[in-house]
file structure_21.cif (mmCIF, C-alpha atoms)
data_input
#
loop_
_atom_site.label_atom_id
_atom_site.label_comp_id
_atom_site.auth_asym_id
_atom_site.auth_seq_id
_atom_site.Cartn_x
_atom_site.Cartn_y
_atom_site.Cartn_z
CA THR A 1 104.39 25.77 -87.32
CA ASN A 2 102.52 28.92 -88.34
CA PRO A 3 102.13 31.43 -85.48
CA GLN A 4 100.06 33.75 -87.68
CA LEU A 5 97.11 31.35 -87.77
CA GLY A 6 96.18 32.65 -84.34
CA ASP A 7 93.21 32.23 -82.06
CA GLY A 8 90.69 33.19 -84.74
CA LEU A 9 91.14 29.62 -85.82
CA GLY A 10 89.31 28.62 -82.63
CA ALA A 11 85.88 29.71 -83.83
CA ALA A 12 86.34 27.80 -87.06
CA LEU A 13 87.51 24.72 -85.17
CA SER A 14 84.24 24.58 -83.26
CA GLU A 15 82.32 23.88 -86.46
CA ALA A 16 84.91 21.84 -88.34
CA PRO A 17 85.46 18.12 -89.10
CA TRP A 18 83.86 16.89 -85.87
CA ALA A 19 80.59 18.35 -87.13
CA ASN A 20 81.01 15.79 -89.90
CA ALA A 21 79.75 12.44 -88.65
CA GLU A 22 81.65 10.68 -91.42
CA SER A 23 84.98 12.41 -90.86
CA LYS A 24 87.98 10.10 -91.04
CA LEU A 25 90.50 12.62 -89.67
CA ARG A 26 93.15 10.63 -87.78
CA GLU A 27 95.85 13.21 -87.06
CA LEU A 28 95.75 16.96 -86.42
CA ARG A 29 98.95 18.96 -85.86
CA LEU A 30 98.65 22.58 -84.74
CA ASP A 31 101.94 23.05 -82.92
CA GLY A 32 103.21 26.62 -82.81
CA THR A 33 100.18 28.14 -84.50
CA GLY A 34 99.33 30.96 -82.07
CA LEU A 35 96.24 29.29 -80.63
CA GLY A 36 94.50 30.81 -77.63
CA PRO A 37 91.46 30.20 -75.39
CA ALA A 38 88.89 30.31 -78.18
CA ALA A 39 90.70 27.52 -79.97
CA GLY A 40 90.62 25.48 -76.78
CA ALA A 41 86.82 25.38 -76.82
CA GLY A 42 86.77 24.22 -80.42
CA LEU A 43 89.36 21.56 -79.81
CA ALA A 44 87.43 20.26 -76.82
CA GLU A 45 84.41 19.89 -79.06
CA LEU A 46 86.56 17.90 -81.48
CA LEU A 47 87.65 15.54 -78.72
CA ARG A 48 84.12 15.24 -77.39
CA SER A 49 82.66 13.95 -80.65
CA SER A 50 85.37 12.58 -82.92
CA ARG A 51 85.26 8.87 -83.67
CA SER A 52 88.37 8.87 -85.85
CA LEU A 53 91.01 11.17 -84.35
CA GLU A 54 94.02 9.26 -83.03
CA LYS A 55 96.65 11.98 -82.60
CA LEU A 56 96.36 15.64 -81.59
CA VAL A 57 99.48 17.83 -81.37
CA LEU A 58 99.11 21.31 -79.82
CA ASN A 59 102.67 21.89 -78.58
CA ASN A 60 104.15 25.39 -78.32
CA ASN A 61 100.91 27.33 -78.01
CA PRO A 62 101.46 29.02 -74.62
CA GLU A 63 98.36 31.19 -74.95
CA LEU A 64 96.00 28.20 -75.02
CA GLY A 65 96.24 28.51 -71.27
CA ASP A 66 94.53 26.97 -68.31
CA GLY A 67 91.09 27.83 -69.65
CA LEU A 68 91.62 24.80 -71.82
CA GLY A 69 91.31 22.79 -68.60
CA ALA A 70 87.61 23.46 -68.14
CA ALA A 71 86.93 22.42 -71.71
CA LEU A 72 89.12 19.33 -71.36
CA SER A 73 87.15 18.18 -68.34
CA GLU A 74 84.21 17.33 -70.59
CA ALA A 75 86.07 16.20 -73.69
CA PRO A 76 87.30 12.78 -74.93
CA TRP A 77 86.51 10.92 -71.73
CA ALA A 78 82.87 11.86 -72.34
CA ASN A 79 83.26 10.17 -75.74
CA ALA A 80 82.84 6.41 -75.39
CA GLU A 81 83.92 5.96 -79.00
CA SER A 82 87.10 8.03 -78.76
CA LYS A 83 90.11 6.50 -80.49
CA LEU A 84 92.56 9.12 -79.23
CA ARG A 85 95.97 7.47 -78.76
CA GLU A 86 98.29 10.46 -78.47
CA LEU A 87 97.81 13.93 -76.97
CA GLN A 88 100.67 16.45 -77.09
CA LEU A 89 100.26 19.55 -74.89
CA ASP A 90 103.89 20.55 -74.37
CA GLY A 91 104.24 24.28 -73.63
CA THR A 92 100.57 25.20 -73.75
CA GLY A 93 100.20 27.25 -70.55
CA LEU A 94 98.33 24.60 -68.59
CA GLY A 95 97.64 25.04 -64.88
CA PRO A 96 95.65 23.37 -62.09
CA ALA A 97 92.30 23.47 -63.91
CA ALA A 98 93.77 21.65 -66.88
CA GLY A 99 95.34 19.17 -64.49
CA ALA A 100 91.92 18.31 -63.08
CA GLY A 101 90.46 17.80 -66.56
CA LEU A 102 93.37 15.67 -67.69
CA ALA A 103 93.10 13.56 -64.54
CA GLU A 104 89.56 12.68 -65.64
CA LEU A 105 90.97 11.64 -68.99
CA LEU A 106 93.49 9.31 -67.36
CA ARG A 107 90.85 7.91 -65.02
CA SER A 108 88.64 6.65 -67.83
CA SER A 109 90.52 6.46 -71.14
CA ARG A 110 90.96 3.04 -72.69
CA SER A 111 92.66 4.29 -75.84
CA LEU A 112 95.29 6.89 -74.83
CA GLU A 113 98.86 5.61 -75.14
CA LYS A 114 100.97 8.79 -75.08
CA LEU A 115 100.45 11.98 -73.06
CA ASN A 116 102.93 14.86 -73.11
CA LEU A 117 102.37 17.69 -70.62
CA GLY A 118 105.95 18.98 -70.49
CA ARG A 119 106.93 22.64 -70.05
CA ASN A 120 103.80 23.61 -68.15
CA PRO A 121 105.37 24.79 -64.87
CA GLN A 122 102.06 26.08 -63.48
CA LEU A 123 100.49 22.63 -63.55
CA GLY A 124 101.87 22.06 -60.07
CA ASP A 125 102.36 19.40 -57.44
CA ALA A 126 98.68 18.78 -56.62
CA ALA A 127 97.81 18.31 -60.30
CA GLY A 128 100.71 15.91 -60.72
CA ALA A 129 99.46 13.90 -57.77
CA ALA A 130 95.91 13.85 -59.18
CA LEU A 131 97.15 12.65 -62.56
CA ALA A 132 99.07 9.76 -60.99
CA GLU A 133 96.16 8.77 -58.73
CA ALA A 134 93.72 8.82 -61.65
CA LEU A 135 95.99 6.66 -63.77
CA GLN A 136 96.41 4.19 -60.92
CA ALA A 137 92.63 3.94 -60.57
CA ASN A 138 92.18 3.01 -64.24
CA GLY A 139 92.53 -0.76 -64.47
CA GLU A 140 92.09 -0.66 -68.24
CA THR A 141 94.63 2.03 -69.06
CA ARG A 142 96.86 1.55 -72.10
CA LEU A 143 99.09 4.53 -71.38
CA ARG A 144 102.67 3.73 -72.37
CA GLN A 145 104.35 7.14 -72.25
CA LEU A 146 103.81 9.97 -69.75
CA SER A 147 105.88 13.14 -69.92
CA LEU A 148 105.70 15.56 -66.97
CA TYR A 149 109.01 17.36 -67.31
CA ARG A 150 109.15 20.91 -65.98
CA THR A 151 105.59 20.85 -64.60
CA GLY A 152 106.17 22.03 -61.01
CA LEU A 153 106.04 18.59 -59.42
CA GLY A 154 107.00 18.17 -55.77
CA PRO A 155 106.90 15.56 -52.99
CA ALA A 156 103.15 14.90 -53.23
CA ALA A 157 103.33 14.10 -56.93
CA GLY A 158 106.44 12.03 -56.30
CA ALA A 159 104.67 9.90 -53.69
CA CYS A 160 101.69 9.34 -56.00
CA LEU A 161 103.91 8.46 -58.96
CA ALA A 162 105.67 5.92 -56.75
CA ALA A 163 102.33 4.39 -55.75
CA LEU A 164 101.45 4.18 -59.44
CA LEU A 165 104.72 2.45 -60.38
CA ARG A 166 104.21 -0.12 -57.64
CA THR A 167 101.26 -1.66 -59.53
CA ASN A 168 101.23 -0.32 -63.10
CA ARG A 169 101.70 -2.78 -65.97
CA SER A 170 101.38 -0.49 -69.00
CA LEU A 171 103.87 2.41 -68.62
CA GLU A 172 107.06 2.06 -70.62
CA VAL A 173 108.42 5.62 -70.42
CA LEU A 174 108.03 8.05 -67.51
CA ASN A 175 109.59 11.51 -67.65
CA PRO A 176 109.20 13.72 -64.56
CA SER A 177 112.58 15.41 -65.16
CA GLU A 178 113.41 19.08 -64.49
CA ASN A 179 111.27 19.17 -61.37
CA PRO A 180 113.90 20.06 -58.72
CA GLN A 181 111.37 20.02 -55.88
CA LEU A 182 110.57 16.33 -56.41
CA GLY A 183 113.33 15.50 -53.96
CA ASP A 184 115.45 12.70 -52.59
CA ALA A 185 112.70 10.85 -50.73
CA ALA A 186 110.44 10.81 -53.79
CA GLY A 187 113.28 9.50 -55.94
CA ALA A 188 113.90 6.70 -53.46
CA ALA A 189 110.20 5.88 -53.39
CA LEU A 190 110.11 5.61 -57.19
CA ALA A 191 113.03 3.17 -57.19
CA GLU A 192 111.55 1.09 -54.37
CA ALA A 193 108.18 0.95 -56.12
CA LEU A 194 109.75 -0.34 -59.33
CA ARG A 195 111.70 -2.91 -57.38
CA ALA A 196 108.47 -4.15 -55.78
CA ASN A 197 106.63 -4.48 -59.11
CA ALA A 198 107.61 -7.76 -60.71
CA GLU A 199 105.36 -7.05 -63.70
CA THR A 200 106.56 -3.56 -64.55
CA LYS A 201 107.18 -2.81 -68.22
CA LEU A 202 109.00 0.45 -67.60
CA ARG A 203 111.89 0.77 -70.06
CA ALA A 204 112.94 4.39 -69.51
CA LEU A 205 112.88 6.62 -66.43
CA LEU A 206 114.09 10.22 -66.78
CA LEU A 207 114.92 11.95 -63.50
CA ASP A 208 117.36 14.68 -64.53
CA THR A 209 117.30 17.72 -62.21
CA THR A 210 114.89 16.30 -59.66
CA GLY A 211 116.75 16.95 -56.39
CA LEU A 212 117.97 13.39 -55.90
CA GLY A 213 120.52 12.63 -53.20
CA PRO A 214 122.19 9.73 -51.37
CA VAL A 215 118.92 8.07 -50.30
CA ALA A 216 117.65 7.88 -53.87
CA GLY A 217 121.10 6.75 -55.01
CA ALA A 218 121.06 3.78 -52.66
CA SER A 219 117.53 2.87 -53.69
CA PHE A 220 118.37 2.97 -57.39
CA ALA A 221 121.39 0.78 -56.76
CA ALA A 222 119.12 -1.76 -55.04
CA LEU A 223 116.76 -1.57 -58.02
CA LEU A 224 119.49 -2.08 -60.62
CA ARG A 225 120.74 -5.13 -58.74
CA THR A 226 117.62 -7.10 -59.78
CA ASN A 227 115.69 -5.15 -62.45
CA ARG A 228 115.22 -6.78 -65.85
CA SER A 229 113.09 -4.20 -67.68
CA LEU A 230 114.88 -0.83 -67.56
CA GLU A 231 116.85 0.06 -70.67
CA GLY A 232 117.47 3.73 -69.92
CA LEU A 233 117.91 5.62 -66.63
CA GLU A 234 118.76 9.33 -66.55
CA LEU A 235 119.93 10.84 -63.26
CA CYS A 236 121.86 13.85 -64.60
CA ALA A 237 122.16 17.19 -62.79
CA ASN A 238 121.51 15.78 -59.34
CA SER A 239 124.71 16.99 -57.68
CA ALA A 240 123.77 15.61 -54.25
CA LEU A 241 123.80 12.01 -55.51
CA GLY A 242 127.53 11.88 -54.91
CA ASP A 243 130.43 9.54 -55.39
CA ALA A 244 129.17 6.76 -53.10
CA ALA A 245 125.97 6.49 -55.12
CA GLY A 246 128.01 6.09 -58.30
CA VAL A 247 130.04 3.28 -56.74
CA ALA A 248 126.84 1.55 -55.57
CA LEU A 249 125.20 1.87 -59.00
CA ALA A 250 128.23 0.38 -60.73
CA GLY A 251 128.37 -2.46 -58.22
CA ALA A 252 124.69 -3.23 -58.73
CA LEU A 253 125.11 -3.44 -62.49
CA ARG A 254 128.10 -5.74 -62.05
CA GLU A 255 125.96 -8.12 -59.99
CA ASN A 256 122.94 -8.14 -62.31
CA THR A 257 123.84 -10.44 -65.18
CA GLU A 258 120.33 -10.14 -66.65
CA THR A 259 120.12 -6.36 -66.78
CA LYS A 260 118.85 -4.78 -69.99
CA LEU A 261 120.18 -1.33 -69.10
CA CYS A 262 122.08 0.14 -72.02
CA THR A 263 121.97 3.85 -71.06
CA LEU A 264 122.78 5.29 -67.64
CA GLU A 265 123.22 9.08 -67.60
CA LEU A 266 125.01 10.52 -64.56
CA ASN A 267 126.49 13.82 -65.79
CA ASP A 268 126.75 16.56 -63.14
CA SER A 269 125.61 14.23 -60.38
CA GLY A 270 128.52 14.65 -57.99
CA MET A 271 130.45 11.60 -59.15
CA GLY A 272 134.14 11.49 -58.26
CA SER A 273 137.16 9.30 -58.88
CA ALA A 274 135.81 6.31 -56.96
CA ALA A 275 132.67 6.20 -59.12
CA ARG A 276 134.67 6.58 -62.32
CA GLU A 277 136.94 3.71 -61.34
CA ALA A 278 133.95 1.53 -60.46
CA PHE A 279 132.34 2.08 -63.86
CA GLU A 280 135.62 1.50 -65.66
CA GLU A 281 135.75 -1.96 -64.06
CA LEU A 282 132.36 -2.99 -65.46
#

call {"tool": "encode", "arguments": {"input": "structure_21.cif", "output": "structure tokens"}}
result
Amino acid sequence: TNPQLGDGLGAALSEAPWANAESKLRELRLDGTGLGPAAGAGLAELLRSSRSLEKLVLNNNPELGDGLGAALSEAPWANAESKLRELQLDGTGLGPAAGAGLAELLRSSRSLEKLNLGRNPQLGDAAGAALAEALQANGETRLRQLSLYRTGLGPAAGACLAALLRTNRSLEVLNPSENPQLGDAAGAALAEALRANAETKLRALLLDTTGLGPVAGASFAALLRTNRSLEGLELCANSALGDAAGVALAGALRENTETKLCTLELNDSGMGSAAREAFEEL
């Protein structure tokens, strides 16, 4: 972290290791370094041509901004020899244009395993939907972790994420938390999709502060009654879930003798005495 590096670094980046055909650079970390739009162009050029880079971390550079999106749209996915496995863009000021570029990445990448887009509230519902649809269309995806917390997701993104989970066989961690507009119906759809996918590998689903209510609660109880892959489920800060949902979740876990769930977070989710008693009996 060095915020004084600044956006002047961008011009230098455009002529740096990726201009070296023999570069063996595997990891580049520039989190919290004051990067701006000029750096975005240089970084896109890196992704377009690098044959060695596996991990790029740009977190906490809010001035990079949505202009990065246009550059991203022609970057690693235009590079058939890209080895990029991890891309961290948490808190980088991304918006709809970046969402479109990143959707192209997810549509074609055969190397990316981790993508973090958290804390980009301007990304929005349509971009979230496009990302999920693109990932679903990629039959050769290796993506294991997708973080979309606090990215302005709503019902459209929720429906597309559910469609993705119905067929996906690569995702292990999905984090669309802190998107209060996602809503109860979307939460229920996510649970139902996972229940329908016998080949899911999803181990962790984070849905804190996503506007879940009784419908989602019932659907997650039905999921937990049979699921054998989930190890962590976070439903915190969904006050409308309520006591009945807690009772149903506890009952489902009691019935599922093959569950792998070891963490279930329900703080501030409207649980009362009946739910507490049900969990104490597990």

call {"tool": "residues_near_point", "arguments": {"input": "structure_21.cif", "point": "(106.8, 27.3, -66.9)", "cutoff": "10 Å", "atoms": "all atoms listed in the file", "output": "list in words"}}
result
Pro62, Gly91, Thr92, Gly93, Leu94, Gly95, Gly118, Arg119, Asn120, Pro121, Gln122, Leu123, Gly124, Arg150, Thr151 and Gly152 of chain A

call {"tool": "resolve_selection", "arguments": {"input": "structure_21.cif", "expression": "the PyMOL selection byres ((chain A and resi 179) around 12)", "output": "count of residues only"}}
result
40

call {"tool": "resolve_selection", "arguments": {"input": "structure_21.cif", "expression": "the PyMOL selection byres ((chain A and resi 214) around 12)", "output": "ChimeraX atom specification"}}
result
/A:183-185,187-188,211-213,215-221,238-249,269-271

call {"tool": "residues_around", "arguments": {"input": "structure_21.cif", "residues": "Arg203 of chain A", "least_positions_apart": "3", "cutoff": "6 Å", "atoms": "all atoms listed in the file", "output": "compact mmCIF listing (two decimals) with C-alpha atoms, keeping the file's coordinate frame"}}
result
# COMPACT_ATOMS: atom_id res chain seq x y z
CA GLU A 172 107.06 2.06 -70.62
CA VAL A 173 108.42 5.62 -70.42
CA SER A 229 113.09 -4.20 -67.68
CA LEU A 230 114.88 -0.83 -67.56
CA GLU A 231 116.85 0.06 -70.67

call {"tool": "atom_distance", "arguments": {"input": "structure_21.cif", "atom1": "atom CA of Ala98 of chain A", "atom2": "atom CA of Thr200 of chain A"}}
result
28.4 Å

call {"tool": "resolve_selection", "arguments": {"input": "structure_21.cif", "expression": "the PyMOL selection byres ((chain A and resi 107-117) around 7)", "output": "list of chain:residue names"}}
result
A:Trp77, A:Lys83, A:Leu84, A:Arg85, A:Glu86, A:Leu87, A:Gln88, A:Leu89, A:Asp90, A:Ala103, A:Glu104, A:Leu105, A:Leu106, A:Gly118, A:Arg119, A:Asn120, A:Ala134, A:Leu135, A:Ala137, A:Asn138, A:Glu140, A:Thr141, A:Arg142, A:Leu143, A:Arg144, A:Gln145, A:Leu146, A:Ser147, A:Leu148

call {"tool": "atom_distance", "arguments": {"input": "structure_21.cif", "atom1": "atom CA of Asn197 of chain A", "atom2": "atom CA of Arg254 of chain A"}}
result
21.7 Å

call {"tool": "atom_distance", "arguments": {"input": "structure_21.cif", "atom1": "atom CA of Ala162 of chain A", "atom2": "atom CA of Leu190 of chain A"}}
result
4.5 Å

call {"tool": "closest_atom_pairs", "arguments": {"input": "structure_21.cif", "of": "segment 46-149 of chain A", "to": "segment 29-35 of chain A", "cutoff": "7 Å", "atoms": "all atoms listed in the file", "output": "tab-separated table"}}
result
residue	atom	partner	partner_atom	distance
A:Leu56	CA	A:Arg29	CA	6.0
A:Val57	CA	A:Arg29	CA	4.7
A:Leu58	CA	A:Asp31	CA	4.5
A:Asn59	CA	A:Asp31	CA	4.6
A:Asn60	CA	A:Gly32	CA	4.7
A:Asn61	CA	A:Gly32	CA	5.4
A:Glu63	CA	A:Leu35	CA	6.4
A:Leu64	CA	A:Leu35	CA	5.7

call {"tool": "residues_around", "arguments": {"input": "structure_21.cif", "residues": "Glu27 of chain A", "least_positions_apart": "4", "cutoff": "7 Å", "atoms": "all atoms listed in the file", "output": "ChimeraX atom specification"}}
result
/A:53-56

call {"tool": "residues_near_point", "arguments": {"input": "structure_21.cif", "point": "(119.3, -7.4, -68.9)", "cutoff": "10 Å", "atoms": "all atoms listed in the file", "output": "number ranges by chain"}}
result
A: 224, 226-231, 253, 256-262

call {"tool": "write_last_selection", "arguments": {"input": "structure_21.cif", "atoms": "C-alpha atoms", "output": "mmCIF file, in the coordinates of the input"}}
result
data_model
loop_
_atom_site.group_PDB
_atom_site.id
_atom_site.type_symbol
_atom_site.label_atom_id
_atom_site.label_comp_id
_atom_site.auth_asym_id
_atom_site.auth_seq_id
_atom_site.Cartn_x
_atom_site.Cartn_y
_atom_site.Cartn_z
ATOM 1 C CA LEU A 224 119.490 -2.080 -60.620
ATOM 2 C CA THR A 226 117.620 -7.100 -59.780
ATOM 3 C CA ASN A 227 115.690 -5.150 -62.450
ATOM 4 C CA ARG A 228 115.220 -6.780 -65.850
ATOM 5 C CA SER A 229 113.090 -4.200 -67.680
ATOM 6 C CA LEU A 230 114.880 -0.830 -67.560
ATOM 7 C CA GLU A 231 116.850 0.060 -70.670
ATOM 8 C CA LEU A 253 125.110 -3.440 -62.490
ATOM 9 C CA ASN A 256 122.940 -8.140 -62.310
ATOM 10 C CA THR A 257 123.840 -10.440 -65.180
ATOM 11 C CA GLU A 258 120.330 -10.140 -66.650
ATOM 12 C CA THR A 259 120.120 -6.360 -66.780
ATOM 13 C CA LYS A 260 118.850 -4.780 -69.990
ATOM 14 C CA LEU A 261 120.180 -1.330 -69.100
ATOM 15 C CA CYS A 262 122.080 0.140 -72.020
#

call {"tool": "closest_residue", "arguments": {"input": "structure_21.cif", "among": "A:Ala252, A:Ala97, A:Leu47, A:Ala204", "to": "Arg225 of chain A", "atoms": "all atoms listed in the file"}}
result
A:Ala252

call {"tool": "closest_residue", "arguments": {"input": "structure_21.cif", "among": "A:Leu171, A:Leu68, A:Gly251, A:Glu265", "to": "Leu235 of chain A", "atoms": "all atoms listed in the file"}}
result
A:Glu265

call {"tool": "axis_aligned_box", "arguments": {"input": "structure_21.cif", "around": "segment 86-104 of chain A", "padding_each_side": "6 Å", "output": "JSON"}}
result
{"center_x": 96.9, "center_y": 18.9, "center_z": -70.3, "size_x": 26.7, "size_y": 28.8, "size_z": 28.4}

call {"tool": "closest_residue", "arguments": {"input": "structure_21.cif", "among": "A:Ala250, A:Ala100, A:Ala196, A:Ala189", "to": "Arg166 of chain A", "atoms": "all atoms listed in the file"}}
result
A:Ala196

call {"tool": "decode", "arguments": {"input": "structure_21.cif", "residues": "segment 167-248 of chain A", "atoms": "C-alpha atoms", "output": "PDB file, in the first residue's frame"}}
result
ATOM      1  CA  THR A 167     -26.010 -25.881 -13.705  1.00  0.00           C
ATOM      2  CA  ASN A 168     -22.568 -24.685 -12.579  1.00  0.00           C
ATOM      3  CA  ARG A 169     -19.991 -27.294 -11.549  1.00  0.00           C
ATOM      4  CA  SER A 170     -16.976 -25.109 -10.748  1.00  0.00           C
ATOM      5  CA  LEU A 171     -18.022 -22.439  -8.203  1.00  0.00           C
ATOM      6  CA  GLU A 172     -17.042 -23.157  -4.620  1.00  0.00           C
ATOM      7  CA  VAL A 173     -17.581 -19.728  -3.033  1.00  0.00           C
ATOM      8  CA  LEU A 174     -20.228 -17.162  -3.999  1.00  0.00           C
ATOM      9  CA  ASN A 175     -20.505 -13.863  -2.135  1.00  0.00           C
ATOM     10  CA  PRO A 176     -23.321 -11.500  -3.177  1.00  0.00           C
ATOM     11  CA  SER A 177     -23.713 -10.154   0.379  1.00  0.00           C
ATOM     12  CA  GLU A 178     -24.542  -6.552   1.339  1.00  0.00           C
ATOM     13  CA  ASN A 179     -26.909  -6.139  -1.587  1.00  0.00           C
ATOM     14  CA  PRO A 180     -30.192  -5.390   0.243  1.00  0.00           C
ATOM     15  CA  GLN A 181     -32.174  -5.086  -2.994  1.00  0.00           C
ATOM     16  CA  LEU A 182     -31.481  -8.701  -3.964  1.00  0.00           C
ATOM     17  CA  GLY A 183     -34.641  -9.678  -2.127  1.00  0.00           C
ATOM     18  CA  ASP A 184     -36.605 -12.603  -0.775  1.00  0.00           C
ATOM     19  CA  ALA A 185     -37.606 -14.120  -4.122  1.00  0.00           C
ATOM     20  CA  ALA A 186     -34.024 -14.082  -5.389  1.00  0.00           C
ATOM     21  CA  GLY A 187     -32.806 -15.722  -2.191  1.00  0.00           C
ATOM     22  CA  ALA A 188     -35.393 -18.466  -2.591  1.00  0.00           C
ATOM     23  CA  ALA A 189     -34.390 -18.946  -6.224  1.00  0.00           C
ATOM     24  CA  LEU A 190     -30.734 -19.361  -5.235  1.00  0.00           C
ATOM     25  CA  ALA A 191     -31.615 -22.048  -2.699  1.00  0.00           C
ATOM     26  CA  GLU A 192     -33.903 -23.871  -5.130  1.00  0.00           C
ATOM     27  CA  ALA A 193     -31.251 -23.780  -7.845  1.00  0.00           C
ATOM     28  CA  LEU A 194     -28.655 -25.329  -5.551  1.00  0.00           C
ATOM     29  CA  ARG A 195     -31.122 -27.987  -4.516  1.00  0.00           C
ATOM     30  CA  ALA A 196     -31.729 -28.868  -8.173  1.00  0.00           C
ATOM     31  CA  ASN A 197     -28.007 -29.158  -8.999  1.00  0.00           C
ATOM     32  CA  ALA A 198     -26.802 -32.576  -7.921  1.00  0.00           C
ATOM     33  CA  GLU A 199     -23.278 -31.786  -9.134  1.00  0.00           C
ATOM     34  CA  THR A 200     -22.771 -28.462  -7.398  1.00  0.00           C
ATOM     35  CA  LYS A 201     -19.432 -27.921  -5.679  1.00  0.00           C
ATOM     36  CA  LEU A 202     -20.521 -24.814  -3.801  1.00  0.00           C
ATOM     37  CA  ARG A 203     -19.000 -24.858  -0.310  1.00  0.00           C
ATOM     38  CA  ALA A 204     -19.789 -21.329   0.886  1.00  0.00           C
ATOM     39  CA  LEU A 205     -22.686 -18.980   0.164  1.00  0.00           C
ATOM     40  CA  LEU A 206     -22.666 -15.525   1.773  1.00  0.00           C
ATOM     41  CA  LEU A 207     -26.023 -13.744   1.793  1.00  0.00           C
ATOM     42  CA  ASP A 208     -25.716 -11.289   4.683  1.00  0.00           C
ATOM     43  CA  THR A 209     -27.873  -8.167   4.254  1.00  0.00           C
ATOM     44  CA  THR A 210     -29.632  -9.253   1.082  1.00  0.00           C
ATOM     45  CA  GLY A 211     -33.291  -8.648   1.975  1.00  0.00           C
ATOM     46  CA  LEU A 212     -34.161 -12.282   2.646  1.00  0.00           C
ATOM     47  CA  GLY A 213     -37.499 -13.156   4.218  1.00  0.00           C
ATOM     48  CA  PRO A 214     -39.767 -16.124   4.992  1.00  0.00           C
ATOM     49  CA  VAL A 215     -39.860 -17.435   1.411  1.00  0.00           C
ATOM     50  CA  ALA A 216     -36.075 -17.647   1.214  1.00  0.00           C
ATOM     51  CA  GLY A 217     -36.000 -19.133   4.716  1.00  0.00           C
ATOM     52  CA  ALA A 218     -38.282 -21.988   3.703  1.00  0.00           C
ATOM     53  CA  SER A 219     -36.279 -22.621   0.545  1.00  0.00           C
ATOM     54  CA  PHE A 220     -32.981 -22.749   2.427  1.00  0.00           C
ATOM     55  CA  ALA A 221     -34.493 -25.173   4.905  1.00  0.00           C
ATOM     56  CA  ALA A 222     -35.503 -27.430   1.997  1.00  0.00           C
ATOM     57  CA  LEU A 223     -31.964 -27.144   0.621  1.00  0.00           C
ATOM     58  CA  LEU A 224     -30.283 -28.004   3.925  1.00  0.00           C
ATOM     59  CA  ARG A 225     -32.479 -31.071   4.269  1.00  0.00           C
ATOM     60  CA  THR A 226     -30.597 -32.791   1.404  1.00  0.00           C
ATOM     61  CA  ASN A 227     -27.459 -30.781   0.533  1.00  0.00           C
ATOM     62  CA  ARG A 228     -24.085 -32.505   0.898  1.00  0.00           C
ATOM     63  CA  SER A 229     -21.685 -29.820  -0.338  1.00  0.00           C
ATOM     64  CA  LEU A 230     -22.281 -26.618   1.659  1.00  0.00           C
ATOM     65  CA  GLU A 231     -19.868 -26.043   4.524  1.00  0.00           C
ATOM     66  CA  GLY A 232     -20.721 -22.415   5.256  1.00  0.00           C
ATOM     67  CA  LEU A 233     -23.973 -20.445   4.912  1.00  0.00           C
ATOM     68  CA  GLU A 234     -24.249 -16.824   6.067  1.00  0.00           C
ATOM     69  CA  LEU A 235     -27.718 -15.295   6.382  1.00  0.00           C
ATOM     70  CA  CYS A 236     -26.962 -12.531   8.901  1.00  0.00           C
ATOM     71  CA  ALA A 237     -28.740  -9.164   9.001  1.00  0.00           C
ATOM     72  CA  ASN A 238     -31.869 -10.359   7.241  1.00  0.00           C
ATOM     73  CA  SER A 239     -34.372  -9.385   9.932  1.00  0.00           C
ATOM     74  CA  ALA A 240     -37.399 -10.534   7.914  1.00  0.00           C
ATOM     75  CA  LEU A 241     -36.247 -14.172   7.945  1.00  0.00           C
ATOM     76  CA  GLY A 242     -37.908 -14.612  11.316  1.00  0.00           C
ATOM     77  CA  ASP A 243     -38.325 -17.224  13.985  1.00  0.00           C
ATOM     78  CA  ALA A 244     -40.180 -19.778  11.845  1.00  0.00           C
ATOM     79  CA  ALA A 245     -37.322 -19.839   9.355  1.00  0.00           C
ATOM     80  CA  GLY A 246     -34.875 -20.551  12.178  1.00  0.00           C
ATOM     81  CA  VAL A 247     -36.993 -23.471  13.381  1.00  0.00           C
ATOM     82  CA  ALA A 248     -37.200 -24.851   9.833  1.00  0.00           C
TER      83      ALA A 248
END
